[in-house]
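File shown here: work_31.cif, holding mmCIF, C-alpha atoms.
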data_input
#
loop_
_atom_site.group_PDB
_atom_site.id
_atom_site.type_symbol
_atom_site.label_atom_id
_atom_site.label_comp_id
_atom_site.auth_asym_id
_atom_site.auth_seq_id
_atom_site.Cartn_x
_atom_site.Cartn_y
_atom_site.Cartn_z
ATOM 1 C CA MET I 24 -8.322 -3.835 17.426
ATOM 2 C CA ARG I 25 -9.634 -4.766 13.982
ATOM 3 C CA ALA I 26 -10.209 -1.059 13.288
ATOM 4 C CA LEU I 27 -6.428 -0.671 13.126
ATOM 5 C CA LEU I 28 -6.428 -2.719 9.923
ATOM 6 C CA TRP I 29 -7.884 0.370 8.219
ATOM 7 C CA LEU I 30 -4.460 1.968 8.654
ATOM 8 C CA TYR I 31 -3.130 -0.459 6.035
ATOM 9 C CA PRO I 32 -3.196 0.372 2.298
ATOM 10 C CA ARG I 33 -6.371 -0.777 0.549
ATOM 11 C CA ALA I 34 -4.516 -3.206 -1.708
ATOM 12 C CA TRP I 35 -2.885 -4.751 1.350
ATOM 13 C CA ARG I 36 -6.261 -5.184 3.065
ATOM 14 C CA ARG I 37 -7.639 -6.843 -0.058
ATOM 15 C CA HIS I 38 -4.839 -9.387 -0.016
ATOM 16 C CA TYR I 39 -4.163 -9.972 3.693
ATOM 17 C CA GLY I 40 -7.090 -8.301 5.498
ATOM 18 C CA ALA I 41 -9.294 -11.382 6.022
ATOM 19 C CA GLU I 42 -6.358 -13.449 7.254
ATOM 20 C CA MET I 43 -5.207 -10.742 9.638
ATOM 21 C CA GLU I 44 -8.710 -10.435 11.043
ATOM 22 C CA ALA I 45 -8.761 -14.174 11.660
ATOM 23 C CA VAL I 46 -5.379 -14.010 13.381
ATOM 24 C CA LEU I 47 -6.524 -11.075 15.530
ATOM 25 C CA ARG I 48 -9.629 -13.014 16.570
ATOM 26 C CA GLN I 49 -7.440 -15.902 17.675
ATOM 27 C CA MET I 50 -5.087 -13.558 19.543
ATOM 28 C CA ARG I 51 -7.849 -12.151 21.744
ATOM 29 C CA GLY I 52 -6.262 -13.426 24.939
ATOM 30 C CA ARG I 53 -3.083 -11.427 24.372
ATOM 31 C CA ARG I 54 -2.289 -8.048 25.882
ATOM 32 C CA SER I 55 -3.719 -5.589 23.445
ATOM 33 C CA LEU I 56 -1.233 -2.693 23.626
ATOM 34 C CA PRO I 57 1.802 -4.546 22.167
ATOM 35 C CA VAL I 58 -0.417 -6.058 19.472
ATOM 36 C CA ALA I 59 -1.863 -2.621 18.625
ATOM 37 C CA LEU I 60 1.612 -1.062 18.447
ATOM 38 C CA ASP I 61 2.801 -3.904 16.237
ATOM 39 C CA LEU I 62 -0.154 -3.330 13.910
ATOM 40 C CA VAL I 63 0.538 0.417 13.682
ATOM 41 C CA ARG I 64 4.185 -0.261 12.929
ATOM 42 C CA GLY I 65 3.204 -2.856 10.324
ATOM 43 C CA ALA I 66 0.794 -0.400 8.680
ATOM 44 C CA ALA I 67 3.508 2.259 8.449
ATOM 45 C CA ASP I 68 5.828 -0.325 6.922
ATOM 46 C CA ALA I 69 3.180 -1.405 4.388
ATOM 47 C CA HIS I 70 2.878 2.209 3.209
ATOM 48 C CA LEU I 71 6.615 2.874 3.174
ATOM 49 C CA HIS I 72 7.820 -0.440 1.726
ATOM 50 C CA PRO I 73 5.139 -1.923 -0.512
ATOM 51 C CA GLN I 74 5.982 -5.437 -1.658
ATOM 52 C CA ARG I 75 5.361 -6.737 -5.144
ATOM 53 C CA PRO I 76 4.237 -10.335 -5.290
ATOM 54 C CA ARG I 77 5.354 -12.165 -8.404
ATOM 55 C CA TRP I 78 1.811 -12.923 -9.440
ATOM 56 C CA ARG I 79 0.649 -9.327 -9.595
ATOM 57 C CA ARG I 80 -0.779 -8.283 -12.940
ATOM 58 C CA PRO I 81 -0.146 -4.791 -14.276
ATOM 59 C CA ARG I 82 -3.115 -2.493 -14.637
ATOM 60 C CA TRP I 83 -2.243 -0.746 -17.832
ATOM 61 C CA LEU I 84 -5.036 1.779 -18.147
ATOM 62 C CA PRO I 85 -4.459 3.760 -14.899
ATOM 63 C CA ALA I 86 -0.717 3.683 -15.489
ATOM 64 C CA VAL I 87 -1.024 4.964 -19.075
ATOM 65 C CA LEU I 88 -3.621 7.622 -18.203
ATOM 66 C CA GLY I 89 -1.567 8.847 -15.249
ATOM 67 C CA PHE I 90 1.504 9.002 -17.407
ATOM 68 C CA VAL I 91 -0.248 10.936 -20.191
ATOM 69 C CA ALA I 92 -1.583 13.417 -17.593
ATOM 70 C CA LEU I 93 1.909 13.859 -16.209
ATOM 71 C CA VAL I 94 3.337 14.582 -19.656
ATOM 72 C CA ALA I 95 0.518 17.087 -20.310
ATOM 73 C CA VAL I 96 1.280 18.911 -17.036
ATOM 74 C CA ARG I 97 4.937 18.886 -17.932
ATOM 75 C CA PHE I 98 4.202 20.417 -21.344
ATOM 76 C CA ALA I 99 2.021 23.132 -19.782
ATOM 77 C CA ALA I 100 4.681 23.985 -17.181
ATOM 78 C CA ASP I 101 7.378 24.106 -19.838
ATOM 79 C CA TRP I 102 5.404 26.159 -22.332
ATOM 80 C CA PHE I 103 3.607 28.629 -20.081
ATOM 81 C CA VAL I 104 6.036 29.046 -17.178
ATOM 82 C CA LEU I 105 9.565 28.381 -18.383
ATOM 83 C CA GLY I 106 9.071 29.048 -22.086
ATOM 84 C CA PRO I 107 8.719 32.854 -21.764
ATOM 85 C CA ALA I 108 12.126 33.095 -20.077
ATOM 86 C CA PHE I 109 13.745 31.477 -23.113
ATOM 87 C CA ARG I 110 11.760 33.474 -25.641
ATOM 88 C CA LEU I 111 12.968 36.797 -24.259
ATOM 89 C CA VAL I 112 15.858 37.903 -26.458
ATOM 90 C CA HIS I 113 17.429 40.469 -24.171
ATOM 91 C CA VAL I 114 17.046 38.562 -20.956
ATOM 92 C CA ALA I 115 20.003 38.437 -18.611
ATOM 93 C CA ALA I 116 22.173 35.310 -18.778
ATOM 94 C CA VAL I 117 21.512 34.543 -15.131
ATOM 95 C CA VAL I 118 17.753 34.304 -15.794
ATOM 96 C CA ARG I 119 18.331 31.943 -18.720
ATOM 97 C CA ILE I 120 20.646 29.771 -16.609
ATOM 98 C CA GLY I 121 18.111 29.793 -13.774
ATOM 99 C CA ALA I 122 15.336 28.768 -16.149
ATOM 100 C CA THR I 123 17.505 25.954 -17.554
ATOM 101 C CA VAL I 124 18.187 24.643 -14.049
ATOM 102 C CA LEU I 125 14.470 24.857 -13.223
ATOM 103 C CA GLU I 126 13.545 23.041 -16.417
ATOM 104 C CA ALA I 127 16.043 20.271 -15.702
ATOM 105 C CA ALA I 128 14.716 19.953 -12.143
ATOM 106 C CA LEU I 129 11.167 19.773 -13.493
ATOM 107 C CA GLY I 130 12.122 16.927 -15.825
ATOM 108 C CA GLY I 131 13.971 15.211 -12.993
ATOM 109 C CA GLY I 132 11.022 15.629 -10.613
ATOM 110 C CA PHE I 133 8.550 14.152 -13.079
ATOM 111 C CA ALA I 134 10.931 11.287 -13.859
ATOM 112 C CA LEU I 135 11.146 10.619 -10.115
ATOM 113 C CA LEU I 136 7.344 10.401 -9.922
ATOM 114 C CA VAL I 137 7.237 7.877 -12.748
ATOM 115 C CA LEU I 138 10.275 5.834 -11.824
ATOM 116 C CA ARG I 139 10.180 5.832 -8.036
ATOM 117 C CA ARG I 140 8.475 2.435 -7.764
ATOM 118 C CA THR I 141 10.447 0.707 -10.463
ATOM 119 C CA GLY I 142 13.381 -0.246 -8.278
ATOM 120 C CA LEU I 143 15.627 2.390 -9.872
ATOM 121 C CA PRO I 144 17.353 4.381 -7.071
ATOM 122 C CA ARG I 145 15.690 7.759 -6.598
ATOM 123 C CA ALA I 146 18.882 9.725 -7.263
ATOM 124 C CA MET I 147 19.342 7.862 -10.553
ATOM 125 C CA ALA I 148 15.713 8.420 -11.567
ATOM 126 C CA PHE I 149 16.052 12.144 -10.873
ATOM 127 C CA ALA I 150 19.382 12.357 -12.708
ATOM 128 C CA ALA I 151 17.929 10.500 -15.712
ATOM 129 C CA GLY I 152 15.034 12.973 -15.938
ATOM 130 C CA CYS I 153 17.373 15.976 -15.625
ATOM 131 C CA LEU I 154 19.773 14.686 -18.281
ATOM 132 C CA LEU I 155 16.964 13.876 -20.701
ATOM 133 C CA GLU I 156 15.502 17.308 -20.172
ATOM 134 C CA LEU I 157 18.839 18.989 -20.840
ATOM 135 C CA ALA I 158 19.464 16.805 -23.899
ATOM 136 C CA LEU I 159 16.097 17.684 -25.411
ATOM 137 C CA GLY I 160 15.720 21.198 -24.084
ATOM 138 C CA GLY I 161 17.778 23.095 -26.612
ATOM 139 C CA GLY I 162 21.118 22.965 -24.834
ATOM 140 C CA LEU I 163 22.398 20.110 -26.947
ATOM 141 C CA SER I 164 22.187 19.267 -30.633
ATOM 142 C CA LEU I 165 18.791 17.537 -30.707
ATOM 143 C CA GLY I 166 17.026 20.417 -28.982
ATOM 144 C CA VAL I 167 18.643 22.976 -31.290
ATOM 145 C CA LEU I 168 17.613 20.991 -34.370
ATOM 146 C CA LEU I 169 14.028 20.701 -33.140
ATOM 147 C CA ASP I 170 13.888 24.463 -32.587
ATOM 148 C CA ARG I 171 15.312 25.128 -36.050
ATOM 149 C CA TRP I 172 12.990 22.790 -37.965
ATOM 150 C CA LEU I 173 9.698 23.165 -36.166
ATOM 151 C CA ALA I 174 7.390 25.853 -34.856
ATOM 152 C CA PRO I 175 8.111 26.536 -31.137
ATOM 153 C CA ALA I 176 4.924 24.903 -29.814
ATOM 154 C CA LEU I 177 5.431 21.841 -32.026
ATOM 155 C CA ALA I 178 9.083 21.566 -31.028
ATOM 156 C CA GLU I 179 8.066 21.718 -27.354
ATOM 157 C CA ALA I 180 5.373 19.065 -27.849
ATOM 158 C CA LEU I 181 7.799 16.796 -29.683
ATOM 159 C CA ARG I 182 10.349 17.277 -26.900
ATOM 160 C CA CYS I 183 7.721 16.202 -24.350
ATOM 161 C CA VAL I 184 6.843 13.140 -26.403
ATOM 162 C CA LEU I 185 10.496 12.137 -26.781
ATOM 163 C CA TRP I 186 11.008 12.661 -23.050
ATOM 164 C CA ALA I 187 7.916 10.568 -22.302
ATOM 165 C CA VAL I 188 9.049 7.735 -24.586
ATOM 166 C CA ALA I 189 12.488 7.675 -22.966
ATOM 167 C CA ILE I 190 11.063 7.668 -19.422
ATOM 168 C CA ALA I 191 8.447 5.040 -20.326
ATOM 169 C CA TRP I 192 11.210 2.867 -21.717
ATOM 170 C CA LEU I 193 13.070 3.256 -18.429
ATOM 171 C CA ALA I 194 9.974 2.532 -16.379
ATOM 172 C CA ARG I 195 8.576 -0.149 -18.724
ATOM 173 C CA LEU I 196 5.300 1.349 -17.512
ATOM 174 C CA ARG I 197 5.236 -0.671 -14.335
ATOM 175 C CA PRO I 198 2.117 0.240 -12.405
ATOM 176 C CA PRO I 199 2.605 2.051 -9.120
ATOM 177 C CA ARG I 200 0.070 -0.169 -7.305
ATOM 178 C CA PRO I 201 1.886 -2.706 -5.186
ATOM 179 C CA TRP I 202 -0.611 -5.512 -4.701
ATOM 180 C CA HIS I 203 -3.362 -6.879 -6.820
ATOM 181 C CA GLU I 204 -5.754 -9.687 -6.376
ATOM 182 C CA PRO I 205 -4.899 -12.513 -8.750
ATOM 183 C CA PRO I 206 -7.357 -12.857 -11.620
ATOM 184 C CA GLU I 207 -10.511 -14.850 -10.915
ATOM 185 C CA GLY I 208 -9.886 -18.574 -10.737
ATOM 186 C CA ALA I 209 -6.126 -18.258 -11.044
ATOM 187 C CA PRO I 210 -4.434 -20.009 -8.124
ATOM 188 C CA VAL I 211 -1.109 -18.594 -6.935
ATOM 189 C CA SER I 212 0.490 -21.916 -7.669
ATOM 190 C CA ALA I 213 -1.094 -25.253 -7.159
ATOM 191 C CA LYS I 214 2.112 -27.169 -7.814
ATOM 192 C CA PRO I 215 3.715 -28.530 -4.655
ATOM 193 C CA SER I 216 7.333 -27.675 -4.193
ATOM 194 C CA PRO I 217 9.549 -30.701 -4.969
ATOM 195 C CA HIS I 218 11.849 -29.828 -2.055
ATOM 196 C CA ALA I 219 9.150 -29.066 0.478
ATOM 197 C CA PRO I 220 9.035 -31.571 3.300
ATOM 198 C CA GLU I 221 6.178 -33.976 3.610
ATOM 199 C CA PRO I 222 3.410 -32.619 5.837
ATOM 200 C CA LEU I 223 3.081 -34.191 9.276
ATOM 201 C CA SER I 224 -0.476 -35.347 8.545
ATOM 202 C CA ALA I 225 0.741 -37.399 5.559
ATOM 203 C CA ARG I 226 3.483 -38.925 7.657
ATOM 204 C CA ALA I 227 0.981 -39.803 10.376
ATOM 205 C CA ARG I 228 -1.350 -41.416 7.805
ATOM 206 C CA ARG I 229 1.514 -43.508 6.443
ATOM 207 C CA ALA I 230 2.635 -44.568 9.938
ATOM 208 C CA GLY I 231 -0.937 -45.457 10.924
ATOM 209 C CA MET L 30 28.886 -4.241 9.127
ATOM 210 C CA GLN L 31 29.390 -6.185 5.890
ATOM 211 C CA ARG L 32 28.130 -9.732 5.658
ATOM 212 C CA SER L 33 28.479 -12.299 2.949
ATOM 213 C CA SER L 34 25.263 -12.950 1.088
ATOM 214 C CA THR L 35 22.616 -15.182 2.640
ATOM 215 C CA GLY L 36 19.807 -13.710 0.570
ATOM 216 C CA LEU L 37 17.827 -12.529 3.598
ATOM 217 C CA GLN L 38 19.831 -9.625 4.927
ATOM 218 C CA ASP L 39 17.977 -7.138 2.756
ATOM 219 C CA LEU L 40 14.921 -7.865 4.903
ATOM 220 C CA GLY L 41 16.382 -5.667 7.659
ATOM 221 C CA ARG L 42 14.467 -6.053 10.922
ATOM 222 C CA PHE L 43 12.352 -8.797 9.335
ATOM 223 C CA GLU L 44 15.333 -11.100 8.812
ATOM 224 C CA GLU L 45 14.933 -12.953 12.121
ATOM 225 C CA PRO L 46 11.145 -13.339 11.833
ATOM 226 C CA ALA L 47 11.711 -14.591 8.255
ATOM 227 C CA VAL L 48 14.034 -17.356 9.444
ATOM 228 C CA LEU L 49 11.572 -18.334 12.195
ATOM 229 C CA ILE L 50 8.576 -18.365 9.838
ATOM 230 C CA MET L 51 10.350 -20.396 7.143
ATOM 231 C CA THR L 52 11.574 -22.833 9.801
ATOM 232 C CA SER L 53 7.989 -23.222 10.970
ATOM 233 C CA LEU L 54 6.810 -23.895 7.417
ATOM 234 C CA LEU L 55 9.325 -26.738 7.040
ATOM 235 C CA GLU L 56 6.770 -28.857 8.922
ATOM 236 C CA GLY L 57 4.207 -28.282 6.166
ATOM 237 C CA PRO L 58 1.704 -25.591 5.123
ATOM 238 C CA ARG L 59 0.464 -23.404 7.989
ATOM 239 C CA HIS L 60 -1.798 -20.406 8.312
ATOM 240 C CA GLY L 61 -0.908 -17.218 10.187
ATOM 241 C CA TYR L 62 -1.954 -18.099 13.713
ATOM 242 C CA ALA L 63 -0.467 -21.610 13.501
ATOM 243 C CA ILE L 64 2.859 -20.002 12.521
ATOM 244 C CA VAL L 65 2.640 -17.615 15.500
ATOM 245 C CA GLN L 66 1.995 -20.512 17.885
ATOM 246 C CA ASP L 67 4.769 -22.687 16.442
ATOM 247 C CA VAL L 68 7.339 -19.867 16.527
ATOM 248 C CA GLU L 69 6.420 -19.118 20.143
ATOM 249 C CA GLU L 70 6.781 -22.787 21.059
ATOM 250 C CA VAL L 71 10.066 -23.355 19.223
ATOM 251 C CA ALA L 72 11.884 -20.046 19.724
ATOM 252 C CA GLY L 73 9.983 -18.327 22.543
ATOM 253 C CA VAL L 74 9.372 -15.347 20.262
ATOM 254 C CA ARG L 75 5.908 -13.768 20.146
ATOM 255 C CA LEU L 76 5.288 -12.513 16.624
ATOM 256 C CA GLY L 77 2.771 -9.684 16.431
ATOM 257 C CA PRO L 78 0.291 -9.698 13.525
ATOM 258 C CA GLY L 79 1.921 -6.620 11.954
ATOM 259 C CA THR L 80 5.381 -8.199 11.986
ATOM 260 C CA LEU L 81 3.995 -11.561 10.854
ATOM 261 C CA TYR L 82 2.254 -10.228 7.748
ATOM 262 C CA ALA L 83 4.998 -7.730 6.880
ATOM 263 C CA THR L 84 7.403 -10.681 6.846
ATOM 264 C CA LEU L 85 5.008 -12.995 4.984
ATOM 265 C CA ALA L 86 4.517 -10.298 2.319
ATOM 266 C CA ARG L 87 8.264 -9.972 1.869
ATOM 267 C CA LEU L 88 8.813 -13.714 1.652
ATOM 268 C CA GLU L 89 5.895 -14.118 -0.762
ATOM 269 C CA ALA L 90 7.151 -11.272 -2.958
ATOM 270 C CA ARG L 91 10.560 -12.935 -3.157
ATOM 271 C CA GLY L 92 9.073 -16.323 -4.025
ATOM 272 C CA LEU L 93 10.449 -17.929 -0.841
ATOM 273 C CA ILE L 94 6.980 -18.960 0.342
ATOM 274 C CA GLU L 95 3.656 -19.230 -1.467
ATOM 275 C CA ALA L 96 0.003 -19.222 -0.486
ATOM 276 C CA VAL L 97 -1.856 -22.488 -0.810
ATOM 277 C CA PRO L 98 -5.269 -22.079 -2.482
ATOM 278 C CA SER L 99 -7.908 -22.458 0.222
ATOM 279 C CA ASP L 100 -11.600 -21.721 0.787
ATOM 280 C CA ASP L 101 -10.894 -20.767 4.381
ATOM 281 C CA ARG L 102 -10.309 -17.133 5.361
ATOM 282 C CA ARG L 103 -7.113 -18.371 6.982
ATOM 283 C CA ARG L 104 -4.909 -18.941 3.952
ATOM 284 C CA PRO L 105 -2.081 -21.438 4.561
ATOM 285 C CA TYR L 106 1.445 -20.780 3.313
ATOM 286 C CA ARG L 107 4.118 -23.227 2.288
ATOM 287 C CA ILE L 108 7.824 -22.869 1.725
ATOM 288 C CA THR L 109 9.071 -23.053 -1.889
ATOM 289 C CA ALA L 110 12.142 -24.831 -3.236
ATOM 290 C CA ALA L 111 13.976 -21.497 -3.377
ATOM 291 C CA GLY L 112 12.975 -20.819 0.233
ATOM 292 C CA THR L 113 14.190 -24.235 1.411
ATOM 293 C CA THR L 114 17.553 -23.765 -0.315
ATOM 294 C CA LEU L 115 17.999 -20.301 1.129
ATOM 295 C CA LEU L 116 16.964 -21.372 4.616
ATOM 296 C CA ARG L 117 19.323 -24.344 4.560
ATOM 297 C CA GLY L 118 22.262 -22.028 3.824
ATOM 298 C CA ARG L 119 21.171 -19.637 6.545
ATOM 299 C CA LEU L 120 20.711 -22.353 9.179
ATOM 300 C CA GLU L 121 24.035 -23.995 8.317
ATOM 301 C CA ARG L 122 25.710 -20.645 8.757
ATOM 302 C CA MET L 123 23.983 -20.044 12.091
ATOM 303 C CA GLY L 124 24.933 -23.563 13.203
ATOM 304 C CA ALA L 125 28.584 -22.951 12.304
ATOM 305 C CA ILE L 126 28.575 -19.723 14.326
ATOM 306 C CA ALA L 127 26.935 -21.463 17.297
ATOM 307 C CA ARG L 128 29.432 -24.350 17.215
ATOM 308 C CA THR L 129 32.423 -22.014 16.999
ATOM 309 C CA GLY L 130 31.095 -19.867 19.834
ATOM 310 C CA LEU L 131 30.485 -22.860 22.105
ATOM 311 C CA GLN L 132 33.944 -24.315 21.346
ATOM 312 C CA ARG L 133 35.578 -21.007 22.217
ATOM 313 C CA MET L 134 33.571 -20.731 25.416
ATOM 314 C CA ALA L 135 34.634 -24.244 26.401
ATOM 315 C CA ARG L 136 38.299 -23.367 25.779
ATOM 316 C CA GLY L 137 38.113 -20.041 27.615
#
Can I see the file as structure tokens?
Amino acid sequence: MRALLWLYPRAWRRHYGAEMEAVLRQMRGRRSLPVALDLVRGAADAHLHPQRPRWRRPRWLPAVLGFVALVAVRFAADWFVLGPAFRLVHVAAVVRIGATVLEAALGGGFALLVLRRTGLPRAMAFAAGCLLELALGGGLSLGVLLDRWLAPALAEALRCVLWAVAIAWLARLRPPRPWHEPPEGAPVSAKPSPHAPEPLSARARRAG
Amino acid sequence: MQRSSTGLQDLGRFEEPAVLIMTSLLEGPRHGYAIVQDVEEVAGVRLGPGTLYATLARLEARGLIEAVPSDDRRRPYRITAAGTTLLRGRLERMGAIARTGLQRMARG
């Protein structure tokens, strides 16, 4: 039965794994099939709906590196794949429109990757990426100005940076990892809740 | 179906286990298996370990319960002030529904 705990995300196991093992040991007398099914369902839920405890600490380095890699991929896709369609002077309008739609979808898709765990609805994250892409991609004033002032590669790089800054501002660079162990020696909260009822043991001591 | 806010309805299928777990923690800090036993005794509901920890994670993330520092592998949890306030509202609401239902049954 304990093998089923491996179905849970690693961060989950770090936080709850030992406790769940202890509970499973104490549940030995129970019928195992319902417990196994409940564990499988719980594991699926842990993957689909990761929770974010208040005490989690952001891990900046993986988030920043991942984000920089994403922006680099985005630049490469824009410059090497979509760029040629725009640089062709005599290309048919339908190809240019198609490339614009693709470029917007690319920006929206990358924004979705960055913003999907921030609590922003997915449709909004996608729309934000698409709009930013269109605003910077030459269709509107800023994009046109960039193209006029700078060399094409530099304009494209600057567009990517502006896009990245805007998306990072939206995301506030929240890390995608859902659970983290609290830092060494830092209790979750040692302060008793002022409204929590008195434990039974304390009451018994007082009565005795 | 629209419901007025009780602060727990966004938990979906974990709403009922959440109420049962927080009610159990009103007696004082308890670890996982003690919660399972208490809920079974009080409500006749057998919480599976998957449901138990999915609900505990949600309540902990919302600040409605908190883990008590412990050397034991079995970490106890206690209800927070926010959790107590929210649970009181929820239980009062459930009590009002139960009273109304029983009155109507008596009349009918």
Rank L:Pro46, L:Pro98, L:Gly61, L:Gly41 by their smallest atom-to-atom distance to Gln49 (chain I), using all atoms listed in the file, and report the top residue only.
L:Gly61
Please produce, as CSV, a per-residue contact table for chain L versus chain I (criterion: any atom at most 8 Å away, all atoms listed in the file considered), showing the nearest atom pair and its distance in Å to one decimal, sorted by chain then residue number.
residue,atom,partner,partner_atom,distance
L:Leu55,CA,I:Pro220,CA,6.1
L:Glu56,CA,I:Pro222,CA,5.9
L:Gly57,CA,I:Pro222,CA,4.4
L:Pro58,CA,I:Pro222,CA,7.3
L:Gly61,CA,I:Val46,CA,6.4
L:Tyr62,CA,I:Val46,CA,5.3
L:Gly77,CA,I:Val58,CA,5.7
L:Pro78,CA,I:Leu62,CA,6.4
L:Gly79,CA,I:Gly65,CA,4.3
L:Thr80,CA,I:Gly65,CA,6.0
L:Tyr82,CA,I:Tyr39,CA,7.6
L:Ala83,CA,I:Gly65,CA,6.2
L:Ala86,CA,I:Gln74,CA,6.4
L:Arg87,CA,I:Gln74,CA,6.2
L:Glu89,CA,I:Pro76,CA,6.1
L:Ala90,CA,I:Pro76,CA,3.8
L:Arg91,CA,I:Pro76,CA,7.2
L:Gly92,CA,I:Arg77,CA,7.1
L:Glu95,CA,I:Val211,CA,7.3
L:Ala96,CA,I:Val211,CA,6.6
L:Val97,CA,I:Ala213,CA,7.0
L:Pro98,CA,I:Pro210,CA,6.1
L:Arg102,CA,I:Glu42,CA,5.7
L:Arg103,CA,I:Glu42,CA,5.0
L:Arg104,CA,I:Glu42,CA,6.6
L:Arg107,CA,I:Ala219,CA,7.9
L:Ile108,CA,I:Ala219,CA,6.5
L:Thr109,CA,I:Ser216,CA,5.4
L:Ala110,CA,I:His218,CA,5.1
L:Thr113,CA,I:His218,CA,7.0
Which residues, named as in the file, does the PyMOL selection byres ((chain L and resi 117) around 12) pick out? Answer as JSON, numbers by chain.
{"I": [218, 219], "L": [35, 36, 37, 48, 51, 52, 55, 108, 110, 111, 112, 113, 114, 115, 116, 118, 119, 120, 121, 122, 123, 124]}
Within 10 Å of Leu93 (chain I), counting only C-alpha atoms, which residues qualify if same-chain residues fewer than 3 places away don't, as a PyMOL selection string?
chain I and resi 87-90+96-99+133-134+136-137+187
Hey, can you check how far CA of Leu84 (chain I) sits from CA of Arg33 (chain I)?
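Straight-line distance from CA of Leu84 (chain I) to CA of Arg33 (chain I) works out to 18.9 Å.
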Decode the PyMOL selection byres ((chain I and resi 152) around 8) for the given file into explicit residues and return them as number ranges by chain.
I: 127-128, 130-135, 148-151, 153-156, 190
Report the distance between CA of Leu85 (chain L) and CA of Asp39 (chain L) in Å, rounded to one decimal place.
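Result for CA of Leu85 (chain L) versus CA of Asp39 (chain L): 14.4 Å, one decimal.
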Calculated over only C-alpha atoms, which of the candidates I:Ala34, I:Leu193, I:Ala174, I:Ile120 has the smallest distance to Met147 (chain I)?
I:Leu193
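The interatomic distance for the pair CA of Ala146 (chain I) and CA of Phe103 (chain I) works out to 27.5 Å.
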On this structure, the PyMOL selection byres ((chain L and resi 74) around 12) would catch which residues? List them as a PyMOL selection string, sorted by chain and number.
chain L and resi 45-46+48-50+64-73+75-77+80-81
